[in-house]
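Q: Structure incoming, see below.
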2 protein chains.
Amino acid sequence: MAPRSCSIANALEVVGERWSLLALREVFFGNTRFDQIAAYTGASRDVLAARLKKLVSAGVLEKVQYSSQPVRHEYHLTEAGRALHPVLLMLKEWGDQYVTEGPLPLVYEHSCGRALEPRVVCAYCGEEASLESLTRASQPVH
Amino acid sequence: MAPRSCSIANALEVVGERWSLLALREVFFGNTRFDQIAAYTGASRDVLAARLKKLVSAGVLEKVQYSSQPVRHEYHLTEAGRALHPVLLMLKEWGDQYVTEGPLPLVYEHSCGRALEPRVVCAYCGEEASLESLTRASQPVH
DNA sequence: GGAGGTAGGTTTGATTTCCCAACCCACTGA
DNA sequence: TCAGTGGGTTGGGAAATCAAACCTACCTCC
């Protein structure tokens, strides 16, 4: 049997390897240079170089030159890269709730003044997109 | 330098390996048995067995017996497992928008009657939790 | 009672990754 | 000239992955 065709699997093809999402986390934090990303994630340099190359060719990051002589680049988020922020936000929330022990390493404050508790809602009605509120409108082939 | 302490990294320790999130996707779809998960994800059986074992010991899945003689189990979501649904939802949305080409393999209908467009919002004010609307309330050590 | 099928893995051996350390190159600054 | 920085690449050994075969325990059919 062929595995299911699925956007989750497609997404994981691009960002599902080890270190990819952590490298993106650093870019979201503003650490856009190779050595910073290597240090803050703990990834080995060769694997990190491969991951960054893949993320660039997938259109998630782009290399932006910040110096000639010597030629130096920073990794910046593309639109597709910025669109991954909700994924990281929900992954962080899950880690906060179910994995991290002790005080949370990072808490976000939302512009409304409260500590962020992220929720996924339907863009149209604003109601929570809970497991029970969803039905399949198109059925994958079984 | 020590890598950053971070709930994203902690979360990925649990569900970040290859096949883990796809196995969970199948359980969310109601395919709770070993052979179903293997077939629909495409994971090799030995790796899948290791992943399921890890997810069970991490408290994301639990084995529920559905037959004695022969002893057979299904993998069911725990509360922590169900809490991963928003992560998969946003990952699917990103894949839909930026990776999958052609018609989407799966569209959800929300209980309000519209095709789901998931958004991440602040639970208190209901406004979108955009990148710009967030500031760090606690700063990780640099 | 044997043959075949189902379910849930485990074992085996070959192939890929991953990790770490060392190295390289182009520059800068002292 | 010599150390340091930034951004990688290279090499070798350890670990993970893959596909296929195998195993156990049952059930069903003939």
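Chain labels follow the order of the structure tokens: the first chain is A, the next B, and so on; residue numbering restarts at 1 in every chain, and ligands are counted from 1 in their shown order.
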Pull out every residue of chain C sitting within 8 Å of chain A, counting only C-alpha atoms (C1' of nucleotides), and send them as a PyMOL selection string.
A: chain C and resi 18-20+26-27
Q: Sort by chain and increasing residue number a table of all residues of chain D within 9 Å of chain A, each with its closest pair of atoms and their distance in Å to one decimal, counting only C-alpha atoms (C1' of nucleotides), and write it as a Markdown table.
A:
```
| residue | atom | partner | partner_atom | distance |
| --- | --- | --- | --- | --- |
| D:DG6 | C1' | A:Asp35 | CA | 7.4 |
| D:DG7 | C1' | A:Phe34 | CA | 6.7 |
| D:DG8 | C1' | A:Ala49 | CA | 7.4 |
| D:DT9 | C1' | A:Asp46 | CA | 7.7 |
```
Q: I need the residues of region 4-124 of chain A that end up classed as helix (DSSP H, G or I) by DSSP on the backbone, written out as a ChimeraX atom specification.
A: /A:7-15,20-28,34-41,45-57,79-82,85-98
Q: Of the candidates A:Glu79, A:Glu13, A:Glu74, A:Glu109, which shows the shortest atom-to-atom distance to chain B, using only C-alpha atoms?
A: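 Between A:Glu79, A:Glu13, A:Glu74, A:Glu109, the residue approaching chain B most closely is A:Glu109.
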Q: Determine, counting only C-alpha atoms (C1' of nucleotides), which protein, DNA and RNA residues have an atom within 6 Å of an atom of Ala123 (chain A); residues of the same chain fewer than 4 positions away are not included. Present the result as number ranges by chain.
A: B: 117-119
Q: Find the residues near Tyr108 (chain B): any atom within 7 Å, counting only C-alpha atoms (C1' of nucleotides), skip ones fewer than 6 places away on the same chain, and give them as number ranges by chain.
A: A: 134-137; B: 115-116
Q: Those same residues, written as a PDB file, in the first residue's frame with C-alpha atoms?
A:
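This went into part24.pdb:
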```
ATOM      1  CA  LEU A 134     -14.053  19.128  12.525  1.00  0.00           C
ATOM      2  CA  THR A 135     -15.277  16.757   9.848  1.00  0.00           C
ATOM      3  CA  ARG A 136     -13.587  15.716   6.660  1.00  0.00           C
ATOM      4  CA  ALA A 137     -14.939  17.645   3.725  1.00  0.00           C
TER       5      ALA A 137
ATOM      6  CA  ALA B 115     -13.856  24.975   5.306  1.00  0.00           C
ATOM      7  CA  LEU B 116     -11.445  25.363   8.175  1.00  0.00           C
TER       8      LEU B 116
END
```
